[in-house]
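K.L.:
Sharing run-v9.cif, mmCIF, C-alpha atoms:
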```
data_work
#
loop_
_atom_site.label_atom_id
_atom_site.label_comp_id
_atom_site.auth_asym_id
_atom_site.auth_seq_id
_atom_site.Cartn_x
_atom_site.Cartn_y
_atom_site.Cartn_z
CA MET A 1 14.23 15.55 4.95
CA SER A 2 16.27 12.49 4.22
CA GLU A 3 14.43 9.22 3.85
CA GLY A 4 16.43 7.70 6.67
CA SER A 5 15.20 10.14 9.27
CA SER A 6 11.61 9.87 8.08
CA GLN A 7 11.71 6.09 8.52
CA LEU A 8 13.01 6.25 12.05
CA GLU A 9 11.32 9.28 13.51
CA ILE A 10 7.88 8.71 15.04
CA PRO A 11 5.68 11.49 13.67
CA PHE A 12 3.61 13.79 15.84
CA THR A 13 -0.02 13.35 14.78
CA LEU A 14 -2.91 15.77 15.03
CA VAL A 15 -6.58 15.75 14.05
CA VAL A 16 -8.11 19.20 13.49
CA ARG A 17 -11.80 20.01 12.95
CA ALA A 18 -12.50 23.22 11.02
CA PRO A 19 -15.07 24.69 8.61
CA ASP A 20 -15.13 23.10 5.13
CA GLU A 21 -14.28 26.22 3.12
CA PRO A 22 -11.49 27.75 1.00
CA GLY A 23 -8.39 28.99 2.84
CA ILE A 24 -8.57 26.66 5.85
CA LEU A 25 -5.53 24.57 4.95
CA HIS A 26 -3.54 27.69 4.14
CA LYS A 27 -4.20 29.08 7.64
CA LEU A 28 -3.43 25.79 9.42
CA THR A 29 -0.23 25.15 7.45
CA GLY A 30 0.84 28.75 8.18
CA VAL A 31 0.85 28.03 11.92
CA ILE A 32 2.67 24.72 11.34
CA PHE A 33 5.27 26.53 9.18
CA GLU A 34 5.85 29.09 11.95
CA HIS A 35 6.92 26.10 14.08
CA GLN A 36 9.26 24.97 11.24
CA ALA A 37 7.66 21.52 11.33
CA ASN A 38 7.62 19.33 8.19
CA ILE A 39 4.23 17.91 7.21
CA THR A 40 4.97 14.31 6.21
CA TYR A 41 1.38 13.19 5.73
CA ILE A 42 -1.97 14.94 5.55
CA ASP A 43 -5.50 14.04 4.59
CA ILE A 44 -9.04 15.29 4.81
CA SER A 45 -11.10 12.40 6.08
CA GLU A 46 -14.54 13.65 6.95
CA ARG A 47 -16.67 16.32 5.33
CA ARG A 48 -20.14 16.85 6.73
CA GLY A 49 -22.35 19.48 8.29
CA GLY A 50 -20.16 22.23 6.81
CA GLU A 51 -17.10 20.97 8.71
CA CYS A 52 -14.11 18.87 7.77
CA THR A 53 -11.56 16.79 9.69
CA ILE A 54 -7.93 17.25 8.70
CA TYR A 55 -5.29 14.77 9.81
CA PHE A 56 -1.59 15.77 10.01
CA GLU A 57 1.63 13.87 10.64
CA LEU A 58 4.52 16.19 11.53
CA GLU A 59 8.27 15.83 11.95
CA GLU A 60 10.98 18.12 13.33
CA LEU A 61 8.57 19.71 15.76
CA SER A 62 10.30 21.16 18.82
CA SER A 63 7.30 22.29 20.93
CA PRO A 64 4.24 20.12 20.24
CA GLU A 65 2.24 21.61 23.14
CA VAL A 66 2.80 25.16 21.90
CA LEU A 67 1.75 24.17 18.36
CA VAL A 68 -1.49 22.68 19.69
CA GLU A 69 -2.15 25.91 21.63
CA ASP A 70 -1.37 28.07 18.59
CA LEU A 71 -3.73 26.02 16.41
CA ARG A 72 -6.48 26.21 19.06
CA ALA A 73 -6.03 29.99 19.10
CA LEU A 74 -7.11 30.22 15.42
CA PRO A 75 -10.76 31.33 15.20
CA ILE A 76 -11.42 28.75 12.44
CA VAL A 77 -10.33 25.79 14.60
CA ARG A 78 -13.17 23.91 16.33
CA GLU A 79 -11.14 21.09 17.86
CA VAL A 80 -7.55 19.76 18.00
CA GLU A 81 -6.81 16.19 19.12
CA ARG A 82 -3.92 13.72 19.09
CA ALA A 83 -4.39 10.42 17.17
CA PRO A 84 -2.18 7.40 16.45
CA SER A 85 -0.54 7.53 13.00
CA PHE A 86 -1.93 5.43 10.14
CA ALA A 87 1.58 4.03 9.67
CA LYS A 88 1.45 2.71 13.24
CA VAL A 89 -2.13 1.38 12.96
CA TYR A 90 -2.30 0.02 9.38
CA GLY A 91 1.36 -0.04 8.27
CA LYS A 92 2.49 -0.98 4.76
CA ARG A 93 -0.18 -1.64 2.14
CA ILE A 94 -0.27 -4.40 -0.48
CA ILE A 95 -2.81 -3.67 -3.23
CA VAL A 96 -4.53 -6.52 -5.10
CA ILE A 97 -6.29 -5.64 -8.36
CA GLY A 98 -8.07 -7.87 -10.89
CA GLY A 99 -10.99 -10.25 -11.32
CA GLY A 100 -13.11 -11.05 -8.26
CA ALA A 101 -12.49 -14.82 -8.17
CA GLN A 102 -8.72 -14.46 -8.31
CA VAL A 103 -8.44 -11.36 -6.13
CA GLY A 104 -10.34 -13.28 -3.42
CA GLN A 105 -7.86 -16.18 -3.47
CA VAL A 106 -4.78 -13.91 -3.48
CA VAL A 107 -6.19 -12.13 -0.44
CA VAL A 108 -6.79 -15.42 1.40
CA GLY A 109 -3.05 -16.11 1.08
CA ALA A 110 -1.91 -12.56 1.77
CA VAL A 111 -4.11 -12.03 4.83
CA ALA A 112 -3.12 -15.37 6.37
CA GLU A 113 0.56 -14.49 5.93
CA ALA A 114 0.13 -10.87 7.09
CA ASP A 115 -1.62 -12.21 10.21
CA ARG A 116 1.54 -14.14 11.15
CA HIS A 117 3.69 -11.03 10.69
CA ASN A 118 1.31 -8.65 12.45
CA ILE A 119 1.09 -10.95 15.50
CA ARG A 120 4.85 -10.41 15.86
CA GLY A 121 4.45 -6.64 15.83
CA GLU A 122 4.63 -5.70 12.13
CA ARG A 123 1.78 -3.88 10.42
CA ILE A 124 0.85 -5.07 6.91
CA SER A 125 -2.55 -4.32 5.32
CA VAL A 126 -4.00 -5.97 2.20
CA ASP A 127 -6.26 -3.74 0.09
CA THR A 128 -8.21 -4.84 -2.97
CA ILE A 129 -10.36 -3.71 -5.82
CA PRO A 130 -12.04 -6.03 -8.30
CA LEU A 131 -11.94 -4.40 -11.75
CA VAL A 132 -12.13 -5.36 -15.43
CA GLY A 133 -11.11 -3.55 -18.62
CA GLU A 134 -7.74 -2.28 -19.81
CA GLU A 135 -8.51 1.39 -19.17
CA ASN A 136 -9.86 0.85 -15.63
CA LEU A 137 -7.00 -1.49 -14.73
CA ALA A 138 -4.28 0.82 -16.07
CA ALA A 139 -5.72 3.79 -14.14
CA ALA A 140 -5.89 1.74 -10.93
CA VAL A 141 -2.30 0.48 -11.39
CA ARG A 142 -0.97 4.02 -11.99
CA ALA A 143 -2.85 5.29 -8.92
CA VAL A 144 -1.06 2.73 -6.69
CA ALA A 145 2.09 4.88 -6.86
CA ARG A 146 0.06 7.77 -5.39
CA LEU A 147 -1.59 5.74 -2.61
CA PRO A 148 -0.15 6.51 0.83
CA ARG A 149 1.90 3.63 2.34
CA ALA A 150 1.47 1.36 -0.75
CA VAL A 151 4.58 -0.80 -1.29
CA ALA A 152 3.49 -3.71 -3.51
CA LEU A 153 0.86 -4.55 -6.12
CA VAL A 154 -0.51 -7.97 -7.09
CA LEU A 155 -2.25 -8.27 -10.48
CA ALA A 156 -4.73 -11.13 -10.23
CA GLY A 157 -6.45 -11.96 -13.50
CA ALA A 158 -6.46 -14.25 -16.53
CA LEU A 159 -5.58 -11.71 -19.26
CA MET A 160 -3.88 -8.34 -18.83
CA GLY A 161 -1.61 -6.46 -21.21
CA GLY A 162 -1.24 -3.32 -23.34
CA ASP A 163 -1.53 -0.16 -21.27
CA VAL A 164 -1.73 -2.19 -18.03
CA ALA A 165 1.80 -3.51 -18.71
CA GLU A 166 2.96 0.06 -19.46
CA ALA A 167 1.51 1.18 -16.12
CA VAL A 168 3.36 -1.70 -14.38
CA TYR A 169 6.71 -0.50 -15.77
CA GLU A 170 5.91 3.06 -14.63
CA ILE A 171 5.11 2.20 -11.02
CA ARG A 172 8.09 -0.17 -10.73
CA GLU A 173 10.24 2.87 -11.62
CA ARG A 174 8.66 4.60 -8.65
CA GLY A 175 9.59 1.84 -6.21
CA ILE A 176 6.44 -0.33 -6.14
CA ILE A 177 7.07 -4.13 -6.19
CA VAL A 178 4.74 -5.81 -8.72
CA LEU A 179 3.68 -9.48 -8.60
CA SER A 180 1.51 -11.06 -11.27
CA LEU A 181 -0.39 -14.32 -11.52
CA ASN A 182 0.74 -16.47 -14.43
CA MET A 183 -1.72 -15.30 -17.09
CA ALA A 184 -2.25 -14.41 -20.76
CA GLY A 185 -1.07 -11.02 -22.01
CA SER A 186 2.10 -8.98 -21.45
CA VAL A 187 1.68 -8.17 -17.74
CA PRO A 188 3.61 -11.22 -16.41
CA GLU A 189 6.62 -10.12 -18.47
CA ALA A 190 6.41 -6.61 -17.00
CA ALA A 191 6.16 -7.79 -13.36
CA ASP A 192 8.97 -8.39 -10.85
CA LEU A 193 7.74 -11.90 -10.07
CA VAL A 194 5.16 -14.32 -11.53
CA VAL A 195 3.33 -16.89 -9.39
CA THR A 196 0.79 -19.43 -10.70
CA ASP A 197 -1.10 -20.30 -7.51
CA PRO A 198 -3.08 -17.25 -6.27
CA VAL A 199 -2.84 -18.20 -2.57
CA GLN A 200 0.95 -18.57 -2.82
CA CYS A 201 1.13 -15.32 -4.78
CA GLY A 202 -0.57 -13.52 -1.87
CA VAL A 203 1.80 -15.15 0.63
CA MET A 204 4.85 -14.16 -1.44
CA ALA A 205 3.66 -10.56 -1.77
CA VAL A 206 3.62 -10.27 2.02
CA MET A 207 7.02 -11.97 2.33
CA ALA A 208 8.44 -9.51 -0.24
CA VAL A 209 7.42 -6.43 1.77
CA SER A 210 7.90 -7.78 5.29
CA SER A 211 10.80 -6.47 7.30
CA SER A 212 11.15 -9.80 9.14
CA ALA A 213 10.97 -12.35 6.27
CA ARG A 214 14.10 -13.78 4.61
CA PHE A 215 12.50 -13.50 1.15
CA ASP A 216 14.52 -11.05 -0.99
CA ILE A 217 12.66 -9.70 -4.03
CA ASN A 218 16.01 -8.74 -5.63
CA ARG A 219 16.95 -12.43 -5.78
CA GLN A 220 13.53 -13.44 -7.12
CA ARG A 221 13.14 -10.81 -9.83
CA GLY A 222 12.17 -12.32 -13.20
CA ARG A 223 11.34 -15.76 -11.78
CA ARG A 224 8.17 -17.77 -12.36
CA TYR A 225 6.65 -20.20 -9.86
CA MET B 1 -19.69 23.36 0.75
CA SER B 2 -22.93 21.54 1.37
CA GLU B 3 -22.62 17.75 1.34
CA GLY B 4 -24.99 17.56 -1.61
CA SER B 5 -22.84 19.63 -3.93
CA SER B 6 -19.64 17.84 -2.89
CA GLN B 7 -21.18 14.49 -3.84
CA LEU B 8 -22.20 15.67 -7.29
CA GLU B 9 -19.33 17.88 -8.35
CA ILE B 10 -16.42 16.13 -10.06
CA PRO B 11 -13.27 17.47 -8.38
CA PHE B 12 -10.36 18.95 -10.29
CA THR B 13 -7.31 16.84 -9.43
CA LEU B 14 -3.65 17.79 -9.42
CA VAL B 15 -0.38 16.06 -8.59
CA VAL B 16 2.47 18.39 -7.57
CA ARG B 17 6.13 17.46 -7.04
CA ALA B 18 8.07 19.73 -4.69
CA PRO B 19 10.94 19.57 -2.18
CA ASP B 20 10.20 17.64 1.03
CA GLU B 21 10.70 20.48 3.51
CA PRO B 22 8.78 22.75 5.92
CA GLY B 23 6.59 25.46 4.38
CA ILE B 24 5.85 23.74 1.05
CA LEU B 25 2.18 23.05 1.74
CA HIS B 26 1.70 26.57 3.07
CA LYS B 27 3.00 28.04 -0.21
CA LEU B 28 0.95 25.69 -2.43
CA THR B 29 -2.27 26.21 -0.46
CA GLY B 30 -1.66 29.97 -0.63
CA VAL B 31 -1.86 29.89 -4.43
CA ILE B 32 -4.95 27.64 -4.27
CA PHE B 33 -6.57 30.05 -1.78
CA GLU B 34 -5.93 33.00 -4.14
CA HIS B 35 -8.11 31.09 -6.63
CA GLN B 36 -10.77 30.68 -3.92
CA ALA B 37 -10.83 26.94 -4.56
CA ASN B 38 -11.85 24.52 -1.79
CA ILE B 39 -9.43 21.64 -1.13
CA THR B 40 -11.68 18.61 -0.63
CA TYR B 41 -8.93 16.00 -0.47
CA ILE B 42 -5.17 16.10 -0.15
CA ASP B 43 -2.41 13.64 0.56
CA ILE B 44 1.33 13.25 0.42
CA SER B 45 1.99 9.97 -1.34
CA GLU B 46 5.68 9.75 -2.13
CA ARG B 47 8.70 10.97 -0.20
CA ARG B 48 12.08 10.14 -1.60
CA GLY B 49 15.25 11.76 -2.85
CA GLY B 50 14.42 14.95 -0.93
CA GLU B 51 11.18 15.43 -2.88
CA CYS B 52 7.55 14.70 -2.18
CA THR B 53 4.42 14.23 -4.28
CA ILE B 54 1.30 16.03 -3.12
CA TYR B 55 -2.11 15.14 -4.49
CA PHE B 56 -5.01 17.64 -4.40
CA GLU B 57 -8.71 17.41 -5.19
CA LEU B 58 -10.28 20.86 -5.64
CA GLU B 59 -13.79 22.22 -5.98
CA GLU B 60 -15.20 25.64 -6.89
CA LEU B 61 -12.29 26.37 -9.16
CA SER B 62 -13.12 28.87 -11.92
CA SER B 63 -9.87 28.87 -13.95
CA PRO B 64 -8.06 25.50 -13.69
CA GLU B 65 -5.52 26.39 -16.40
CA VAL B 66 -4.53 29.63 -14.64
CA LEU B 67 -4.14 27.78 -11.33
CA VAL B 68 -1.81 25.24 -12.96
CA GLU B 69 0.25 28.13 -14.45
CA ASP B 70 0.37 29.95 -11.10
CA LEU B 71 1.55 26.78 -9.32
CA ARG B 72 4.20 26.14 -12.00
CA ALA B 73 5.43 29.72 -11.46
CA LEU B 74 6.37 28.93 -7.83
CA PRO B 75 10.14 28.31 -7.58
CA ILE B 76 9.53 25.32 -5.26
CA VAL B 77 7.34 23.47 -7.80
CA ARG B 78 9.16 20.83 -9.89
CA GLU B 79 6.15 19.41 -11.73
CA VAL B 80 2.35 19.78 -11.95
CA GLU B 81 0.17 17.09 -13.55
CA ARG B 82 -3.49 16.12 -13.77
CA ALA B 83 -4.54 12.72 -12.38
CA PRO B 84 -7.85 10.85 -12.02
CA SER B 85 -9.37 11.16 -8.54
CA PHE B 86 -9.10 8.28 -6.07
CA ALA B 87 -12.88 8.43 -5.69
CA LYS B 88 -13.22 7.71 -9.41
CA VAL B 89 -10.56 4.95 -9.46
CA TYR B 90 -11.08 3.14 -6.14
CA GLY B 91 -14.46 4.48 -4.92
CA LYS B 92 -15.99 3.60 -1.56
CA ARG B 93 -13.95 1.51 0.85
CA ILE B 94 -15.11 -1.36 3.06
CA ILE B 95 -12.59 -2.18 5.80
CA VAL B 96 -12.29 -5.72 7.20
CA ILE B 97 -10.42 -6.13 10.50
CA GLY B 98 -9.82 -9.22 12.63
CA GLY B 99 -8.21 -12.67 12.63
CA GLY B 100 -6.52 -13.83 9.42
CA ALA B 101 -8.66 -16.94 8.82
CA GLN B 102 -11.93 -15.06 9.12
CA VAL B 103 -10.81 -11.84 7.40
CA GLY B 104 -9.82 -13.97 4.39
CA GLN B 105 -13.29 -15.56 4.10
CA VAL B 106 -15.13 -12.22 4.54
CA VAL B 107 -13.01 -10.77 1.73
CA VAL B 108 -13.80 -13.72 -0.57
CA GLY B 109 -17.49 -12.81 -0.23
CA ALA B 110 -16.99 -9.05 -0.37
CA VAL B 111 -14.67 -9.07 -3.40
CA ALA B 112 -16.94 -11.43 -5.37
CA GLU B 113 -19.92 -9.15 -4.69
CA ALA B 114 -17.96 -5.93 -5.34
CA ASP B 115 -16.84 -7.42 -8.68
CA ARG B 116 -20.51 -7.68 -9.77
CA HIS B 117 -21.15 -4.05 -8.81
CA ASN B 118 -17.92 -2.68 -10.30
CA ILE B 119 -18.61 -4.41 -13.63
CA ARG B 120 -21.77 -2.29 -13.80
CA GLY B 121 -19.81 0.93 -13.24
CA GLU B 122 -19.70 1.29 -9.44
CA ARG B 123 -16.39 1.50 -7.59
CA ILE B 124 -16.17 -0.45 -4.32
CA SER B 125 -12.81 -1.45 -2.75
CA VAL B 126 -12.30 -3.97 0.07
CA ASP B 127 -9.39 -3.22 2.39
CA THR B 128 -8.19 -5.45 5.21
CA ILE B 129 -5.85 -5.73 8.12
CA PRO B 130 -5.38 -8.89 10.20
CA LEU B 131 -4.90 -7.90 13.85
CA VAL B 132 -5.24 -9.35 17.35
CA GLY B 133 -5.50 -7.75 20.79
CA GLU B 134 -8.07 -5.37 22.25
CA GLU B 135 -5.82 -2.31 22.12
CA ASN B 136 -4.69 -2.85 18.49
CA LEU B 137 -8.22 -3.62 17.35
CA ALA B 138 -9.76 -0.60 19.11
CA ALA B 139 -7.15 1.74 17.58
CA ALA B 140 -7.75 0.29 14.09
CA VAL B 141 -11.54 0.59 14.49
CA ARG B 142 -11.29 4.24 15.61
CA ALA B 143 -8.94 5.02 12.71
CA VAL B 144 -11.58 3.81 10.20
CA ALA B 145 -13.53 7.03 10.77
CA ARG B 146 -10.42 8.97 9.67
CA LEU B 147 -9.70 6.86 6.56
CA PRO B 148 -10.56 8.64 3.33
CA ARG B 149 -13.59 7.13 1.48
CA ALA B 150 -14.25 4.48 4.20
CA VAL B 151 -18.00 3.79 4.51
CA ALA B 152 -18.31 0.41 6.27
CA LEU B 153 -16.38 -1.83 8.65
CA VAL B 154 -16.61 -5.61 9.09
CA LEU B 155 -15.26 -7.08 12.33
CA ALA B 156 -14.20 -10.65 11.61
CA GLY B 157 -13.10 -12.58 14.69
CA ALA B 158 -14.15 -15.07 17.34
CA LEU B 159 -13.98 -12.80 20.43
CA MET B 160 -14.09 -9.01 20.54
CA GLY B 161 -15.42 -6.71 23.23
CA GLY B 162 -14.51 -4.04 25.79
CA ASP B 163 -12.85 -1.05 24.19
CA VAL B 164 -13.41 -2.50 20.69
CA ALA B 165 -17.18 -2.28 21.29
CA GLU B 166 -16.74 1.30 22.57
CA ALA B 167 -14.86 2.15 19.37
CA VAL B 168 -17.69 0.61 17.30
CA TYR B 169 -20.27 2.90 18.95
CA GLU B 170 -18.00 5.90 18.30
CA ILE B 171 -17.51 5.31 14.59
CA ARG B 172 -21.21 4.48 14.06
CA GLU B 173 -21.91 7.98 15.44
CA ARG B 174 -19.64 9.30 12.70
CA GLY B 175 -21.57 7.57 9.93
CA ILE B 176 -19.64 4.30 9.45
CA ILE B 177 -21.82 1.16 8.98
CA VAL B 178 -20.50 -1.69 11.16
CA LEU B 179 -21.10 -5.40 10.49
CA SER B 180 -19.88 -8.11 12.84
CA LEU B 181 -19.53 -11.86 12.58
CA ASN B 182 -21.57 -13.73 15.18
CA MET B 183 -18.91 -14.08 17.91
CA ALA B 184 -18.18 -14.04 21.64
CA GLY B 185 -17.84 -10.66 23.38
CA SER B 186 -19.85 -7.43 23.22
CA VAL B 187 -19.00 -6.36 19.65
CA PRO B 188 -22.00 -8.08 17.96
CA GLU B 189 -24.32 -6.13 20.25
CA ALA B 190 -22.61 -2.87 19.29
CA ALA B 191 -22.77 -3.52 15.51
CA ASP B 192 -25.48 -2.51 13.03
CA LEU B 193 -25.84 -6.06 11.74
CA VAL B 194 -24.56 -9.53 12.76
CA VAL B 195 -23.93 -12.30 10.21
CA THR B 196 -22.73 -15.82 11.08
CA ASP B 197 -21.27 -16.95 7.74
CA PRO B 198 -18.17 -14.88 6.87
CA VAL B 199 -18.67 -15.09 3.08
CA GLN B 200 -22.26 -13.89 3.41
CA CYS B 201 -21.12 -11.17 5.81
CA GLY B 202 -18.73 -9.85 3.13
CA VAL B 203 -21.49 -9.97 0.50
CA MET B 204 -23.90 -8.10 2.79
CA ALA B 205 -21.31 -5.41 3.58
CA VAL B 206 -21.03 -4.63 -0.14
CA MET B 207 -24.82 -4.69 -0.57
CA ALA B 208 -25.14 -2.24 2.36
CA VAL B 209 -22.86 0.38 0.77
CA SER B 210 -23.76 -0.13 -2.89
CA SER B 211 -25.77 2.54 -4.60
CA SER B 212 -27.43 -0.03 -6.86
CA ALA B 213 -28.44 -2.80 -4.39
CA ARG B 214 -31.93 -3.01 -2.85
CA PHE B 215 -30.48 -3.91 0.57
CA ASP B 216 -31.33 -1.17 3.09
CA ILE B 217 -29.17 -1.17 6.24
CA ASN B 218 -31.83 0.87 8.06
CA ARG B 219 -34.26 -2.06 7.72
CA GLN B 220 -31.63 -4.59 8.79
CA ARG B 221 -30.25 -2.79 11.83
CA GLY B 222 -30.11 -5.01 14.92
CA ARG B 223 -30.78 -8.25 12.98
CA ARG B 224 -28.75 -11.46 13.18
CA TYR B 225 -28.34 -13.93 10.34
#
```
Since I need it in another form, could you write the structure as structure tokens?

P.N.:
Amino acid sequence: MSEGSSQLEIPFTLVVRAPDEPGILHKLTGVIFEHQANITYIDISERRGGECTIYFELEELSSPEVLVEDLRALPIVREVERAPSFAKVYGKRIIVIGGGAQVGQVVVGAVAEADRHNIRGERISVDTIPLVGEENLAAAVRAVARLPRAVALVLAGALMGGDVAEAVYEIRERGIIVLSLNMAGSVPEAADLVVTDPVQCGVMAVMAVSSSARFDINRQRGRRY
Amino acid sequence: MSEGSSQLEIPFTLVVRAPDEPGILHKLTGVIFEHQANITYIDISERRGGECTIYFELEELSSPEVLVEDLRALPIVREVERAPSFAKVYGKRIIVIGGGAQVGQVVVGAVAEADRHNIRGERISVDTIPLVGEENLAAAVRAVARLPRAVALVLAGALMGGDVAEAVYEIRERGIIVLSLNMAGSVPEAADLVVTDPVQCGVMAVMAVSSSARFDINRQRGRRY
């Protein structure tokens, strides 16, 4: 599927309850494949009492009602429901990683700015994890590229470098926008944009990913504020 | 899988790159099923250039190396890599939903407290979305029960009720701990715990989900601070 179509098409979403055992996903995806639908997002959200909840987003589905019937006809399926897509509910994600004091201030800025965009119909979430240590930070930075709906990362600390900077270069290659506070170490050099004030850094991160703001990260790349 | 074993076992994690087209997941899960492994988490994180990245966490896998070889042998598979699990990197998630001003202050408290726990080896993330409107809020609250690794929700606003309170009762049934600021509307009555100061509310949310804190939500249920 081309990216263009996946951006425009509203996915068909399903929540399926089934036993938590090997082979379940293979059976469910077999029925979905018979309908020639493309699975654009999937996750397993709940596992308890020997059951699990599997969430699907599907595109190119011609007969949604028939698919639901076919899934219900599987002996393993306990329940099939519709649900709004995470993209519609939570939208794009900005991830803030670093020391607690600075992460908190970046989020104050980012959430206040996201609020203004979300009131006008956008959906921007701000997700955080306070962490210390080069190894922990580098692993968390690399994992951002695997997080569903993540579009930007803010590194909020006083000293970050070494493998964390390497990880920043890697995820920028994969399309993630990276902002850094002005800090010691090699991370600011590796980032797209460096901002000294944490509240403003949070605001700028939201402006950089918003579809309604005039802020263009391509014009700001390499700058320091 | 019993819940007990799934909590203790460290999952085997894999990242697979393959074409973004119908039938891919069915083929991959077929190979995993042949190994009798249980898929405990899965998501599709990246879709671009006609390819997608699929992330798996597996349990009860006897020969990980053979599985990796068998997956690589599929003509559709472009790349197979190991990766650390999201549970190990980002851990439990607390979700904060509401008005921007108040969400920001709750996160200042929650991130500062999570920092203290994460320094000692725990992993607690704080994720937010600023939103207004009963319908938007109720949809976001219901979606928390479907979010991977979400354990608690903080509702941070000045007036919430109606269908939002209904949604709170629903997700509490599904094991999510709900904290509310002291506010107008019926949400505080529906929550596990009500806290007036937003910073303290964020701190208490982290204490409630931490495995090292002495704070017991069962003893606090129904209280107001």

K.L.:
From the set B:Glu173, B:Glu46, B:Asp197, B:Asp127, which residue has the shortest atom-to-atom contact distance to Ile94 (chain A), counting only C-alpha atoms?

P.N.:
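Nearest to Ile94 (chain A): B:Asp127.
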
K.L.:
Rank nothing, just name the residue among B:Leu14, B:Ile76, B:Leu67, B:Ile124 nearest to chain A, using all atoms listed in the file.

P.N.:
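Under the stated criterion, the closest residue is B:Ile124.
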
K.L.:
Report the residues retrieved by the PyMOL selection byres ((chain B) within 7 of (chain A)) from the displayed file, expressed as a PyMOL selection string.

P.N.:
chain B and resi 1-3+20-23+25-26+29-30+33+36-46+48+50+89-90+100-101+104+107-108+111-112+114-115+118-119+124-132+139-140+146-148

K.L.:
For a cutoff of 7 Å around the file-coordinate point (2.4, -13.4, -8.6), which residues qualify once you count only C-alpha atoms? I'd like the result as a list of chain:residue names.

P.N.:
A:Val154, A:Leu179, A:Ser180, A:Leu181, A:Asn182, A:Leu193, A:Val194, A:Val195, A:Thr196, A:Cys201

K.L.:
Select all residues near (7.6, -2.9, -14.6) (cut-off 9 Å, inclusive, file coordinates), counting all atoms listed in the file, and output them as a ChimeraX atom specification.

P.N.:
/A:165-173,176-178,187,189-192

K.L.:
When you draw a straight line from CA of Ala158 (chain A) to CA of Glu134 (chain A), how long is it in Å?

P.N.:
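Taking CA of Ala158 (chain A) as the start and CA of Glu134 (chain A) as the end point, the length is 12.5 Å.
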
K.L.:
How far is it from CA of Arg78 (chain B) to CA of Pro64 (chain B), in Å with one decimal?

P.N.:
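Interatomic distance here is 18.2 Å.
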
K.L.:
One decimal, in Å: what's the spacing between CA of Val16 (chain B) and CA of Ala73 (chain B)?

P.N.:
12.3 Å

K.L.:
Taking all listed atoms of region 194-199 of chain B, build the axis-aligned box, pad each of the six sides by 5 Å, then write its centre and edge lengths in Å to one decimal as lines of an AutoDock Vina configuration file.

P.N.:
```
center_x = -21.4
center_y = -13.2
center_z = 7.9
size_x = 16.4
size_y = 17.4
size_z = 19.7
```

K.L.:
Taking 4 positions as the minimum chain separation for residues in the same chain, which residues sit within 7 Å of Val77 (chain A) when counting all atoms listed in the file? Answer as a list of chain:residue names.

P.N.:
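Neighbouring residues, sequence-local ones excluded: A:Arg17, A:Ala18, A:Leu71, A:Arg72.
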